[in-house]
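Text of the file protein_27.cif, holding mmCIF, C-alpha atoms, pLDDT in the B column; chains and numbers go by the auth columns:
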```cif
data_query
#
loop_
_atom_site.group_PDB
_atom_site.id
_atom_site.type_symbol
_atom_site.label_atom_id
_atom_site.label_comp_id
_atom_site.label_asym_id
_atom_site.label_seq_id
_atom_site.Cartn_x
_atom_site.Cartn_y
_atom_site.Cartn_z
_atom_site.B_iso_or_equiv
_atom_site.auth_seq_id
_atom_site.auth_asym_id
ATOM 1 C CA MET A 1 8.715 -65.586 170.231 78.00 1 A
ATOM 2 C CA LEU A 2 7.260 -62.722 168.212 89.00 2 A
ATOM 3 C CA LYS A 3 5.663 -60.034 170.313 97.00 3 A
ATOM 4 C CA LYS A 4 1.974 -59.379 169.808 98.00 4 A
ATOM 5 C CA ARG A 5 1.123 -55.815 168.812 98.00 5 A
ATOM 6 C CA ILE A 6 -1.476 -53.492 170.304 98.00 6 A
ATOM 7 C CA ILE A 7 -2.802 -51.040 167.743 98.00 7 A
ATOM 8 C CA VAL A 8 -5.114 -48.095 168.390 98.00 8 A
ATOM 9 C CA CYS A 9 -7.585 -47.144 165.678 95.00 9 A
ATOM 10 C CA LEU A 10 -8.736 -43.596 165.060 95.00 10 A
ATOM 11 C CA ASP A 11 -11.856 -43.532 162.890 92.00 11 A
ATOM 12 C CA VAL A 12 -12.024 -40.024 161.447 92.00 12 A
ATOM 13 C CA LYS A 13 -15.062 -38.236 160.030 90.00 13 A
ATOM 14 C CA ASP A 14 -14.994 -34.565 158.961 88.00 14 A
ATOM 15 C CA GLY A 15 -11.583 -34.131 160.607 88.00 15 A
ATOM 16 C CA ARG A 16 -12.650 -35.442 164.032 92.00 16 A
ATOM 17 C CA THR A 17 -12.218 -38.818 165.732 91.00 17 A
ATOM 18 C CA THR A 18 -15.523 -40.666 165.881 88.00 18 A
ATOM 19 C CA LYS A 19 -16.813 -43.971 167.276 81.00 19 A
ATOM 20 C CA GLY A 20 -19.843 -46.010 166.346 76.00 20 A
ATOM 21 C CA VAL A 21 -21.422 -49.406 166.924 77.00 21 A
ATOM 22 C CA LYS A 22 -21.563 -51.873 164.024 72.00 22 A
ATOM 23 C CA PHE A 23 -20.374 -49.018 161.776 68.00 23 A
ATOM 24 C CA GLN A 24 -23.398 -46.821 162.661 76.00 24 A
ATOM 25 C CA ASN A 25 -24.466 -43.966 164.977 71.00 25 A
ATOM 26 C CA ASN A 26 -21.018 -42.391 165.118 80.00 26 A
ATOM 27 C CA VAL A 27 -20.354 -39.763 167.774 86.00 27 A
ATOM 28 C CA ASP A 28 -17.545 -37.180 167.972 88.00 28 A
ATOM 29 C CA ILE A 29 -14.970 -38.121 170.607 87.00 29 A
ATOM 30 C CA GLY A 30 -12.090 -35.729 170.018 93.00 30 A
ATOM 31 C CA ASP A 31 -9.204 -34.329 168.011 95.00 31 A
ATOM 32 C CA PRO A 32 -7.247 -37.080 166.211 96.00 32 A
ATOM 33 C CA VAL A 33 -3.941 -35.203 166.469 96.00 33 A
ATOM 34 C CA GLU A 34 -4.177 -34.832 170.264 97.00 34 A
ATOM 35 C CA MET A 35 -5.407 -38.407 170.664 97.00 35 A
ATOM 36 C CA ALA A 36 -2.577 -39.816 168.529 97.00 36 A
ATOM 37 C CA ALA A 37 -0.014 -37.990 170.670 97.00 37 A
ATOM 38 C CA GLU A 38 -1.576 -39.347 173.865 97.00 38 A
ATOM 39 C CA TYR A 39 -1.649 -42.980 172.687 97.00 39 A
ATOM 40 C CA TYR A 40 1.941 -42.670 171.522 98.00 40 A
ATOM 41 C CA ARG A 41 2.854 -41.516 175.048 98.00 41 A
ATOM 42 C CA GLN A 42 1.009 -44.536 176.446 98.00 42 A
ATOM 43 C CA GLY A 43 3.197 -46.929 174.456 98.00 43 A
ATOM 44 C CA VAL A 44 0.975 -48.069 171.578 98.00 44 A
ATOM 45 C CA ASP A 45 2.839 -50.213 169.026 98.00 45 A
ATOM 46 C CA GLU A 46 1.110 -48.829 165.946 98.00 46 A
ATOM 47 C CA LEU A 47 -1.598 -46.372 165.008 98.00 47 A
ATOM 48 C CA VAL A 48 -4.293 -46.803 162.364 96.00 48 A
ATOM 49 C CA PHE A 49 -6.134 -43.818 160.927 94.00 49 A
ATOM 50 C CA TYR A 50 -9.302 -44.475 158.903 91.00 50 A
ATOM 51 C CA ASP A 51 -11.171 -41.746 157.076 90.00 51 A
ATOM 52 C CA ILE A 52 -14.508 -43.567 157.280 82.00 52 A
ATOM 53 C CA MET A 53 -16.393 -41.311 154.836 81.00 53 A
ATOM 54 C CA ALA A 54 -13.813 -40.850 152.063 80.00 54 A
ATOM 55 C CA SER A 55 -14.818 -43.786 149.849 72.00 55 A
ATOM 56 C CA ALA A 56 -18.538 -43.211 150.315 74.00 56 A
ATOM 57 C CA ARG A 57 -18.101 -39.549 149.345 84.00 57 A
ATOM 58 C CA GLY A 58 -15.777 -40.352 146.472 81.00 58 A
ATOM 59 C CA ARG A 59 -12.820 -38.281 147.654 85.00 59 A
ATOM 60 C CA GLY A 60 -9.197 -38.932 148.477 84.00 60 A
ATOM 61 C CA PRO A 61 -7.307 -38.846 151.792 89.00 61 A
ATOM 62 C CA ILE A 62 -7.045 -35.680 153.948 91.00 62 A
ATOM 63 C CA LEU A 63 -3.296 -35.187 153.594 94.00 63 A
ATOM 64 C CA ASP A 64 -3.004 -32.185 155.908 94.00 64 A
ATOM 65 C CA LEU A 65 -4.573 -34.052 158.825 94.00 65 A
ATOM 66 C CA ILE A 66 -2.505 -37.170 158.103 95.00 66 A
ATOM 67 C CA SER A 67 0.732 -35.156 158.200 97.00 67 A
ATOM 68 C CA ARG A 68 -0.264 -33.479 161.483 96.00 68 A
ATOM 69 C CA VAL A 69 -0.919 -36.880 163.069 96.00 69 A
ATOM 70 C CA ALA A 70 2.338 -38.290 161.651 96.00 70 A
ATOM 71 C CA GLU A 71 4.293 -35.461 163.322 96.00 71 A
ATOM 72 C CA GLN A 72 3.070 -36.703 166.725 94.00 72 A
ATOM 73 C CA VAL A 73 3.961 -40.402 166.476 96.00 73 A
ATOM 74 C CA PHE A 74 7.241 -42.234 165.877 96.00 74 A
ATOM 75 C CA ILE A 75 5.814 -45.716 165.386 97.00 75 A
ATOM 76 C CA PRO A 76 4.298 -47.449 162.331 97.00 76 A
ATOM 77 C CA PHE A 77 1.332 -45.392 161.145 97.00 77 A
ATOM 78 C CA CYS A 78 -1.251 -46.907 158.790 98.00 78 A
ATOM 79 C CA VAL A 79 -3.758 -44.785 156.865 97.00 79 A
ATOM 80 C CA GLY A 80 -6.908 -45.881 155.057 95.00 80 A
ATOM 81 C CA GLY A 81 -9.949 -44.320 153.453 91.00 81 A
ATOM 82 C CA GLY A 82 -10.409 -43.003 149.923 88.00 82 A
ATOM 83 C CA ILE A 83 -7.041 -44.217 148.635 94.00 83 A
ATOM 84 C CA GLY A 84 -7.920 -45.234 145.099 94.00 84 A
ATOM 85 C CA THR A 85 -4.849 -44.611 142.938 96.00 85 A
ATOM 86 C CA ILE A 86 -1.081 -45.094 143.026 98.00 86 A
ATOM 87 C CA GLU A 87 -0.795 -41.306 143.303 97.00 87 A
ATOM 88 C CA ASP A 88 -3.040 -41.399 146.413 96.00 88 A
ATOM 89 C CA ILE A 89 -0.740 -44.043 147.939 97.00 89 A
ATOM 90 C CA ARG A 90 2.358 -41.984 147.114 98.00 90 A
ATOM 91 C CA SER A 91 0.955 -38.738 148.515 97.00 91 A
ATOM 92 C CA THR A 92 -0.241 -40.481 151.701 97.00 92 A
ATOM 93 C CA ILE A 93 3.209 -41.977 152.289 98.00 93 A
ATOM 94 C CA LEU A 94 4.804 -38.586 151.643 98.00 94 A
ATOM 95 C CA ALA A 95 2.393 -37.122 154.230 97.00 95 A
ATOM 96 C CA GLY A 96 3.897 -39.479 156.822 97.00 96 A
ATOM 97 C CA ALA A 97 2.186 -42.882 156.621 98.00 97 A
ATOM 98 C CA GLU A 98 4.291 -46.063 156.675 97.00 98 A
ATOM 99 C CA LYS A 99 1.430 -48.327 155.609 98.00 99 A
ATOM 100 C CA ILE A 100 -1.604 -47.890 153.372 98.00 100 A
ATOM 101 C CA SER A 101 -4.854 -49.714 154.111 97.00 101 A
ATOM 102 C CA LEU A 102 -6.858 -50.564 150.999 97.00 102 A
ATOM 103 C CA ASN A 103 -10.440 -51.650 151.596 94.00 103 A
ATOM 104 C CA SER A 104 -13.310 -50.560 149.330 91.00 104 A
ATOM 105 C CA GLN A 105 -10.943 -49.345 146.623 93.00 105 A
ATOM 106 C CA ALA A 106 -9.135 -52.716 146.560 97.00 106 A
ATOM 107 C CA VAL A 107 -12.437 -54.534 145.993 97.00 107 A
ATOM 108 C CA LYS A 108 -13.309 -52.157 143.155 96.00 108 A
ATOM 109 C CA ASN A 109 -9.811 -52.348 141.639 97.00 109 A
ATOM 110 C CA PRO A 110 -7.739 -55.342 142.859 98.00 110 A
ATOM 111 C CA ASP A 111 -4.844 -54.275 140.612 98.00 111 A
ATOM 112 C CA LEU A 112 -4.270 -51.421 143.053 98.00 112 A
ATOM 113 C CA ILE A 113 -2.942 -54.010 145.531 98.00 113 A
ATOM 114 C CA ARG A 114 -0.584 -55.498 142.944 98.00 114 A
ATOM 115 C CA GLU A 115 0.716 -52.164 141.701 98.00 115 A
ATOM 116 C CA GLY A 116 1.006 -50.721 145.201 98.00 116 A
ATOM 117 C CA ALA A 117 3.012 -53.729 146.393 98.00 117 A
ATOM 118 C CA ARG A 118 5.239 -53.644 143.308 98.00 118 A
ATOM 119 C CA ILE A 119 6.090 -49.970 143.691 98.00 119 A
ATOM 120 C CA PHE A 120 6.143 -49.500 147.460 98.00 120 A
ATOM 121 C CA GLY A 121 6.684 -53.063 148.781 98.00 121 A
ATOM 122 C CA ASN A 122 4.354 -55.673 150.290 98.00 122 A
ATOM 123 C CA GLN A 123 5.012 -54.401 153.817 97.00 123 A
ATOM 124 C CA CYS A 124 3.398 -51.104 152.836 98.00 124 A
ATOM 125 C CA ILE A 125 0.106 -52.521 151.492 98.00 125 A
ATOM 126 C CA VAL A 126 -2.468 -53.625 154.059 98.00 126 A
ATOM 127 C CA LEU A 127 -5.783 -55.200 153.135 98.00 127 A
ATOM 128 C CA GLY A 128 -8.578 -53.700 155.211 97.00 128 A
ATOM 129 C CA MET A 129 -11.519 -56.096 155.158 97.00 129 A
ATOM 130 C CA ASP A 130 -14.978 -55.543 156.632 96.00 130 A
ATOM 131 C CA ALA A 131 -16.819 -58.840 157.008 98.00 131 A
ATOM 132 C CA ALA A 132 -20.084 -60.036 158.540 98.00 132 A
ATOM 133 C CA LYS A 133 -21.669 -63.441 159.065 98.00 133 A
ATOM 134 C CA ASP A 134 -23.586 -64.725 156.049 98.00 134 A
ATOM 135 C CA ALA A 135 -24.658 -68.363 155.718 98.00 135 A
ATOM 136 C CA GLU A 136 -24.789 -68.045 151.911 98.00 136 A
ATOM 137 C CA MET A 137 -21.011 -67.640 151.724 98.00 137 A
ATOM 138 C CA PRO A 138 -18.673 -70.695 151.602 98.00 138 A
ATOM 139 C CA SER A 139 -16.680 -69.471 154.619 98.00 139 A
ATOM 140 C CA GLY A 140 -19.784 -68.190 156.414 98.00 140 A
ATOM 141 C CA TYR A 141 -18.701 -64.548 156.052 98.00 141 A
ATOM 142 C CA ARG A 142 -19.340 -61.900 153.401 98.00 142 A
ATOM 143 C CA VAL A 143 -17.208 -58.852 152.531 98.00 143 A
ATOM 144 C CA TYR A 144 -18.766 -55.373 152.730 97.00 144 A
ATOM 145 C CA ILE A 145 -17.436 -52.059 151.409 93.00 145 A
ATOM 146 C CA ASN A 146 -18.051 -48.306 151.835 86.00 146 A
ATOM 147 C CA GLY A 147 -17.856 -48.424 155.619 82.00 147 A
ATOM 148 C CA GLY A 148 -20.001 -51.546 155.893 88.00 148 A
ATOM 149 C CA ARG A 149 -22.863 -50.002 153.923 88.00 149 A
ATOM 150 C CA VAL A 150 -22.586 -51.980 150.683 94.00 150 A
ATOM 151 C CA LYS A 151 -22.493 -55.783 150.493 96.00 151 A
ATOM 152 C CA THR A 152 -20.382 -57.504 147.854 98.00 152 A
ATOM 153 C CA ASP A 153 -20.418 -60.973 146.289 98.00 153 A
ATOM 154 C CA LEU A 154 -17.027 -61.718 147.836 98.00 154 A
ATOM 155 C CA ASP A 155 -16.442 -64.495 150.347 98.00 155 A
ATOM 156 C CA ALA A 156 -14.201 -63.276 153.176 98.00 156 A
ATOM 157 C CA LEU A 157 -11.708 -66.144 153.070 98.00 157 A
ATOM 158 C CA GLU A 158 -11.439 -66.186 149.276 98.00 158 A
ATOM 159 C CA TRP A 159 -10.920 -62.433 149.152 98.00 159 A
ATOM 160 C CA ALA A 160 -8.239 -62.567 151.863 98.00 160 A
ATOM 161 C CA LYS A 161 -6.350 -65.250 149.924 98.00 161 A
ATOM 162 C CA LYS A 162 -6.664 -63.341 146.651 98.00 162 A
ATOM 163 C CA ALA A 163 -5.481 -60.066 148.188 98.00 163 A
ATOM 164 C CA VAL A 164 -2.401 -61.777 149.644 98.00 164 A
ATOM 165 C CA SER A 165 -1.647 -63.407 146.287 98.00 165 A
ATOM 166 C CA LEU A 166 -1.794 -59.929 144.725 98.00 166 A
ATOM 167 C CA GLY A 167 0.724 -58.582 147.237 98.00 167 A
ATOM 168 C CA ALA A 168 -1.022 -57.487 150.454 98.00 168 A
ATOM 169 C CA GLY A 169 1.497 -57.855 153.277 98.00 169 A
ATOM 170 C CA GLU A 170 -0.958 -57.706 156.178 98.00 170 A
ATOM 171 C CA ILE A 171 -4.707 -57.960 156.827 98.00 171 A
ATOM 172 C CA VAL A 172 -6.770 -55.805 159.176 98.00 172 A
ATOM 173 C CA LEU A 173 -9.864 -57.907 159.730 98.00 173 A
ATOM 174 C CA ASN A 174 -12.870 -55.880 160.869 95.00 174 A
ATOM 175 C CA SER A 175 -15.843 -57.854 162.177 96.00 175 A
ATOM 176 C CA ILE A 176 -18.964 -55.784 161.495 95.00 176 A
ATOM 177 C CA ASP A 177 -20.987 -58.008 163.858 95.00 177 A
ATOM 178 C CA ALA A 178 -18.610 -57.376 166.770 94.00 178 A
ATOM 179 C CA ASP A 179 -17.720 -53.734 166.013 89.00 179 A
ATOM 180 C CA GLY A 180 -18.244 -51.450 169.008 85.00 180 A
ATOM 181 C CA MET A 181 -20.099 -54.158 170.964 90.00 181 A
ATOM 182 C CA LYS A 182 -17.227 -54.639 173.467 92.00 182 A
ATOM 183 C CA ASN A 183 -18.226 -58.304 173.866 96.00 183 A
ATOM 184 C CA GLY A 184 -15.048 -59.801 172.409 97.00 184 A
ATOM 185 C CA TYR A 185 -13.522 -60.296 168.996 98.00 185 A
ATOM 186 C CA GLU A 186 -14.873 -62.597 166.287 97.00 186 A
ATOM 187 C CA ILE A 187 -12.546 -65.511 167.150 98.00 187 A
ATOM 188 C CA ASN A 188 -13.822 -67.951 164.516 97.00 188 A
ATOM 189 C CA LEU A 189 -13.392 -65.515 161.618 97.00 189 A
ATOM 190 C CA THR A 190 -9.989 -64.317 162.820 98.00 190 A
ATOM 191 C CA LYS A 191 -8.629 -67.835 163.294 98.00 191 A
ATOM 192 C CA MET A 192 -9.891 -68.941 159.871 98.00 192 A
ATOM 193 C CA ILE A 193 -8.158 -66.049 158.082 98.00 193 A
ATOM 194 C CA ALA A 194 -4.983 -66.368 160.177 98.00 194 A
ATOM 195 C CA GLU A 195 -4.662 -70.109 159.545 98.00 195 A
ATOM 196 C CA ASN A 196 -5.257 -69.817 155.800 98.00 196 A
ATOM 197 C CA THR A 197 -3.091 -66.833 154.872 98.00 197 A
ATOM 198 C CA PRO A 198 0.697 -66.440 155.324 98.00 198 A
ATOM 199 C CA VAL A 199 0.652 -62.766 156.402 98.00 199 A
ATOM 200 C CA PRO A 200 0.037 -61.103 159.790 98.00 200 A
ATOM 201 C CA VAL A 201 -3.642 -60.743 160.696 98.00 201 A
ATOM 202 C CA ILE A 202 -4.846 -57.875 162.898 98.00 202 A
ATOM 203 C CA ALA A 203 -8.120 -58.546 164.702 98.00 203 A
ATOM 204 C CA SER A 204 -10.512 -55.604 164.816 97.00 204 A
ATOM 205 C CA GLY A 205 -13.945 -55.107 166.319 95.00 205 A
ATOM 206 C CA GLY A 206 -15.244 -56.079 169.739 95.00 206 A
ATOM 207 C CA GLY A 207 -12.412 -55.437 172.202 96.00 207 A
ATOM 208 C CA GLY A 208 -13.815 -54.526 175.611 96.00 208 A
ATOM 209 C CA THR A 209 -11.444 -56.087 178.165 98.00 209 A
ATOM 210 C CA PRO A 210 -7.805 -57.250 178.205 98.00 210 A
ATOM 211 C CA GLN A 211 -9.163 -60.820 178.329 98.00 211 A
ATOM 212 C CA HIS A 212 -10.812 -60.264 174.954 98.00 212 A
ATOM 213 C CA LEU A 213 -7.420 -59.309 173.504 98.00 213 A
ATOM 214 C CA ALA A 214 -5.749 -62.324 175.108 98.00 214 A
ATOM 215 C CA ASP A 215 -8.422 -64.606 173.616 98.00 215 A
ATOM 216 C CA VAL A 216 -8.059 -63.348 170.042 98.00 216 A
ATOM 217 C CA LEU A 217 -4.248 -63.225 170.226 98.00 217 A
ATOM 218 C CA LYS A 218 -4.082 -66.800 171.554 98.00 218 A
ATOM 219 C CA GLU A 219 -7.166 -68.711 170.312 98.00 219 A
ATOM 220 C CA GLY A 220 -7.790 -66.504 167.283 98.00 220 A
ATOM 221 C CA LYS A 221 -4.109 -66.672 166.304 98.00 221 A
ATOM 222 C CA ALA A 222 -4.064 -62.955 165.527 98.00 222 A
ATOM 223 C CA ASP A 223 -0.686 -61.222 165.316 98.00 223 A
ATOM 224 C CA ALA A 224 -2.116 -57.995 166.681 98.00 224 A
ATOM 225 C CA ALA A 225 -5.296 -56.633 168.241 98.00 225 A
ATOM 226 C CA LEU A 226 -6.798 -53.337 167.236 98.00 226 A
ATOM 227 C CA ILE A 227 -8.585 -51.357 169.948 97.00 227 A
ATOM 228 C CA ALA A 228 -10.649 -48.173 170.013 94.00 228 A
ATOM 229 C CA SER A 229 -13.473 -47.943 172.570 92.00 229 A
ATOM 230 C CA MET A 230 -11.316 -49.403 175.354 96.00 230 A
ATOM 231 C CA VAL A 231 -8.908 -46.472 175.322 96.00 231 A
ATOM 232 C CA HIS A 232 -11.232 -43.829 173.875 94.00 232 A
ATOM 233 C CA SER A 233 -14.009 -44.106 176.445 92.00 233 A
ATOM 234 C CA MET A 234 -13.665 -47.064 178.828 94.00 234 A
ATOM 235 C CA GLY A 235 -10.829 -45.831 181.033 95.00 235 A
ATOM 236 C CA TYR A 236 -8.136 -48.263 179.866 98.00 236 A
ATOM 237 C CA THR A 237 -4.618 -47.174 178.925 98.00 237 A
ATOM 238 C CA VAL A 238 -2.382 -48.906 176.396 98.00 238 A
ATOM 239 C CA ASN A 239 0.343 -49.627 178.951 98.00 239 A
ATOM 240 C CA GLY A 240 -2.243 -50.906 181.436 98.00 240 A
ATOM 241 C CA ILE A 241 -3.642 -53.311 178.836 98.00 241 A
ATOM 242 C CA LYS A 242 -0.122 -54.490 177.989 98.00 242 A
ATOM 243 C CA ASP A 243 0.620 -55.132 181.679 98.00 243 A
ATOM 244 C CA ASP A 244 -2.524 -57.256 181.930 98.00 244 A
ATOM 245 C CA LEU A 245 -1.668 -59.203 178.784 98.00 245 A
ATOM 246 C CA ASN A 246 1.853 -59.817 180.035 98.00 246 A
ATOM 247 C CA LYS A 247 0.410 -61.310 183.242 98.00 247 A
ATOM 248 C CA MET A 248 -1.804 -63.569 181.077 98.00 248 A
ATOM 249 C CA GLY A 249 1.241 -64.905 179.277 97.00 249 A
ATOM 250 C CA VAL A 250 0.788 -62.956 176.039 98.00 250 A
ATOM 251 C CA PRO A 251 4.162 -61.693 174.748 97.00 251 A
ATOM 252 C CA VAL A 252 3.905 -57.916 174.276 98.00 252 A
ATOM 253 C CA ARG A 253 6.371 -54.998 174.091 96.00 253 A
ATOM 254 C CA LEU A 254 6.379 -53.464 177.562 92.00 254 A
#
```
What do you get writing this file as structure tokens?
Amino acid sequence: MLKKRIIVCLDVKDGRTTKGVKFQNNVDIGDPVEMAAEYYRQGVDELVFYDIMASARGRGPILDLISRVAEQVFIPFCVGGGIGTIEDIRSTILAGAEKISLNSQAVKNPDLIREGARIFGNQCIVLGMDAAKDAEMPSGYRVYINGGRVKTDLDALEWAKKAVSLGAGEIVLNSIDADGMKNGYEINLTKMIAENTPVPVIASGGGGTPQHLADVLKEGKADAALIASMVHSMGYTVNGIKDDLNKMGVPVRL
């Protein structure tokens, strides 16, 4: 049986790790380089680094900071935020990233997914998708861009399918409604995307207890759970969470 992955997310703003609720009211919580090193020591399976202001400000990735984080971790490292060209993808990989998360820029230019996958391989291109409930959409969920600030005309399920058809090898599914609430993941949305796309789906937004992770990994059929608040500010450790999940019958790398 495939092991489920635990992934820590570092949202970065102005060179510092930050955390908000529903993509708003972000507060500074530390140095991303030091935090990456600590989570690596704790046994995290992967690390995700999002520059949450890059797209909104119209600039590319902070390569110096990415390379300093990459020097601290020897696990898959995914970077997103402001990556809008093939050259951005190349320079981010050269800075130390194994995977590139395309979110707002993929919506604006879907060919970036296709070209990125063709040149660097499907395993390298991750679709980052920010979605919120919307009864007007066929699936019941609408896609947002620019850090959740701008709504699009895209239906979440249709966009996920299209991105995979273009070459995305994985989906990080961020629930705006659940983000930072610590009340559990958006099971319905996660399960719908996982059951209707052939690539791994990473659930993001809402993790507050190990039970929440167990629920989305089992019921939500996610391949991995992304956490932030739990380890940033709630006293949990990655290895402690994995021990709890193992006791609940969720296969994880111990």
Q) In Å, how far is it from atom CA of A:Ile113 to atom CA of A:Glu136? A) 26.7 Å
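For the choices A:Ile29, A:Gly235, A:Ile100, A:Gly84, the atom-to-atom distance to A:Tyr50 is smallest for A:Ile100 when using only C-alpha atoms.
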Q | Near-A:Thr18 list (12 Å; all atoms listed in the file; drop same-chain fewer than 5 positions) as a list in words | A | Cys9, Leu10, Asp11, Val12, Lys13, Phe23, Gln24, Asn25, Asn26, Val27, Asp28, Ile29, Gly30, Asp31, Pro32, Met35, Phe49, Tyr50, Asp51, Ile52, Met53, Gly180, Ala228, Ser229, His232 and Ser233 of chain A
Writer output for current selection, C-alpha atoms, as a PDB file, in the coordinates of the input:
```pdb
ATOM      1  CA  CYS A   9      -7.585 -47.144 165.678  1.00 95.00           C
ATOM      2  CA  LEU A  10      -8.736 -43.596 165.060  1.00 95.00           C
ATOM      3  CA  ASP A  11     -11.856 -43.532 162.890  1.00 92.00           C
ATOM      4  CA  VAL A  12     -12.024 -40.024 161.447  1.00 92.00           C
ATOM      5  CA  LYS A  13     -15.062 -38.236 160.030  1.00 90.00           C
ATOM      6  CA  PHE A  23     -20.374 -49.018 161.776  1.00 68.00           C
ATOM      7  CA  GLN A  24     -23.398 -46.821 162.661  1.00 76.00           C
ATOM      8  CA  ASN A  25     -24.466 -43.966 164.977  1.00 71.00           C
ATOM      9  CA  ASN A  26     -21.018 -42.391 165.118  1.00 80.00           C
ATOM     10  CA  VAL A  27     -20.354 -39.763 167.774  1.00 86.00           C
ATOM     11  CA  ASP A  28     -17.545 -37.180 167.972  1.00 88.00           C
ATOM     12  CA  ILE A  29     -14.970 -38.121 170.607  1.00 87.00           C
ATOM     13  CA  GLY A  30     -12.090 -35.729 170.018  1.00 93.00           C
ATOM     14  CA  ASP A  31      -9.204 -34.329 168.011  1.00 95.00           C
ATOM     15  CA  PRO A  32      -7.247 -37.080 166.211  1.00 96.00           C
ATOM     16  CA  MET A  35      -5.407 -38.407 170.664  1.00 97.00           C
ATOM     17  CA  PHE A  49      -6.134 -43.818 160.927  1.00 94.00           C
ATOM     18  CA  TYR A  50      -9.302 -44.475 158.903  1.00 91.00           C
ATOM     19  CA  ASP A  51     -11.171 -41.746 157.076  1.00 90.00           C
ATOM     20  CA  ILE A  52     -14.508 -43.567 157.280  1.00 82.00           C
ATOM     21  CA  MET A  53     -16.393 -41.311 154.836  1.00 81.00           C
ATOM     22  CA  GLY A 180     -18.244 -51.450 169.008  1.00 85.00           C
ATOM     23  CA  ALA A 228     -10.649 -48.173 170.013  1.00 94.00           C
ATOM     24  CA  SER A 229     -13.473 -47.943 172.570  1.00 92.00           C
ATOM     25  CA  HIS A 232     -11.232 -43.829 173.875  1.00 94.00           C
ATOM     26  CA  SER A 233     -14.009 -44.106 176.445  1.00 92.00           C
TER      27      SER A 233
END
```
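Our summary of the geometry notes that atom CA of A:Arg41 is positioned 22.5 Å from atom CA of A:Ala214.
Note that atom CA of A:Asn146 and atom CA of A:Cys124 are 21.7 Å apart.
Among the candidates A:Glu46, A:Glu219, A:Glu87, A:Asp111, the residue lying nearest to A:Val164 is A:Asp111 (atoms considered: all atoms listed in the file).
For the structure shown here, the set of residues caught by the PyMOL selection byres ((chain A and resi 204-211) around 6) is Leu173, Asn174, Ser175, Ala178, Asp179, Gly180, Met181, Lys182, Asn183, Gly184, Tyr185, Ala203, His212, Leu213, Ala214, Leu226, Met230 and Ile241 of chain A.
In this comparison, which uses all atoms listed in the file, the residue of A:Lys162, A:Lys3, A:Lys221, A:Lys133 approaching A:Lys191 most closely is A:Lys221.
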When the PyMOL selection byres ((chain A and resi 66) around 9) is applied to the file above, which residues end up in the set, as a compact mmCIF listing (two decimals) with C-alpha atoms, keeping the file's coordinate frame?
```txt
# COMPACT_ATOMS: atom_id res chain seq x y z
CA VAL A 33 -3.94 -35.20 166.47
CA PHE A 49 -6.13 -43.82 160.93
CA PRO A 61 -7.31 -38.85 151.79
CA ILE A 62 -7.04 -35.68 153.95
CA LEU A 63 -3.30 -35.19 153.59
CA ASP A 64 -3.00 -32.18 155.91
CA LEU A 65 -4.57 -34.05 158.82
CA SER A 67 0.73 -35.16 158.20
CA ARG A 68 -0.26 -33.48 161.48
CA VAL A 69 -0.92 -36.88 163.07
CA ALA A 70 2.34 -38.29 161.65
CA GLU A 71 4.29 -35.46 163.32
CA VAL A 79 -3.76 -44.78 156.86
CA THR A 92 -0.24 -40.48 151.70
CA ALA A 95 2.39 -37.12 154.23
CA GLY A 96 3.90 -39.48 156.82
CA ALA A 97 2.19 -42.88 156.62
```
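Candidate residues A:Arg90, A:Glu170, A:Arg5, A:Glu34 were compared for distance to A:Thr17, and the nearest is A:Glu34, using all atoms listed in the file.
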Emit stretch 119-128 of chain A of the structure in the block as a file comprising N, CA and C atoms, as a PDB file, in the first residue's frame.
```
ATOM      1  N   ILE A 119       9.004  19.970 -21.076  1.00  0.00           N
ATOM      2  CA  ILE A 119      10.442  20.214 -20.915  1.00  0.00           C
ATOM      3  C   ILE A 119      11.004  19.552 -19.656  1.00  0.00           C
ATOM      4  N   PHE A 120      10.270  19.643 -18.566  1.00  0.00           N
ATOM      5  CA  PHE A 120      10.810  19.201 -17.274  1.00  0.00           C
ATOM      6  C   PHE A 120      10.172  17.909 -16.741  1.00  0.00           C
ATOM      7  N   GLY A 121       9.091  17.443 -17.381  1.00  0.00           N
ATOM      8  CA  GLY A 121       8.422  16.213 -16.949  1.00  0.00           C
ATOM      9  C   GLY A 121       7.187  16.507 -16.100  1.00  0.00           C
ATOM     10  N   ASN A 122       6.178  15.629 -16.256  1.00  0.00           N
ATOM     11  CA  ASN A 122       4.915  15.814 -15.514  1.00  0.00           C
ATOM     12  C   ASN A 122       5.120  15.849 -14.011  1.00  0.00           C
ATOM     13  N   GLN A 123       6.073  15.037 -13.527  1.00  0.00           N
ATOM     14  CA  GLN A 123       6.288  14.929 -12.075  1.00  0.00           C
ATOM     15  C   GLN A 123       6.749  16.254 -11.474  1.00  0.00           C
ATOM     16  N   CYS A 124       7.236  17.141 -12.328  1.00  0.00           N
ATOM     17  CA  CYS A 124       7.780  18.417 -11.868  1.00  0.00           C
ATOM     18  C   CYS A 124       6.708  19.504 -11.775  1.00  0.00           C
ATOM     19  N   ILE A 125       5.594  19.333 -12.507  1.00  0.00           N
ATOM     20  CA  ILE A 125       4.586  20.389 -12.617  1.00  0.00           C
ATOM     21  C   ILE A 125       3.382  20.058 -11.736  1.00  0.00           C
ATOM     22  N   VAL A 126       3.165  20.896 -10.743  1.00  0.00           N
ATOM     23  CA  VAL A 126       2.068  20.724  -9.793  1.00  0.00           C
ATOM     24  C   VAL A 126       1.044  21.833 -10.031  1.00  0.00           C
ATOM     25  N   LEU A 127      -0.224  21.457 -10.115  1.00  0.00           N
ATOM     26  CA  LEU A 127      -1.265  22.476 -10.175  1.00  0.00           C
ATOM     27  C   LEU A 127      -1.617  22.892  -8.752  1.00  0.00           C
ATOM     28  N   GLY A 128      -1.424  24.164  -8.437  1.00  0.00           N
ATOM     29  CA  GLY A 128      -1.929  24.710  -7.184  1.00  0.00           C
ATOM     30  C   GLY A 128      -3.295  25.313  -7.481  1.00  0.00           C
TER      31      GLY A 128
END
```
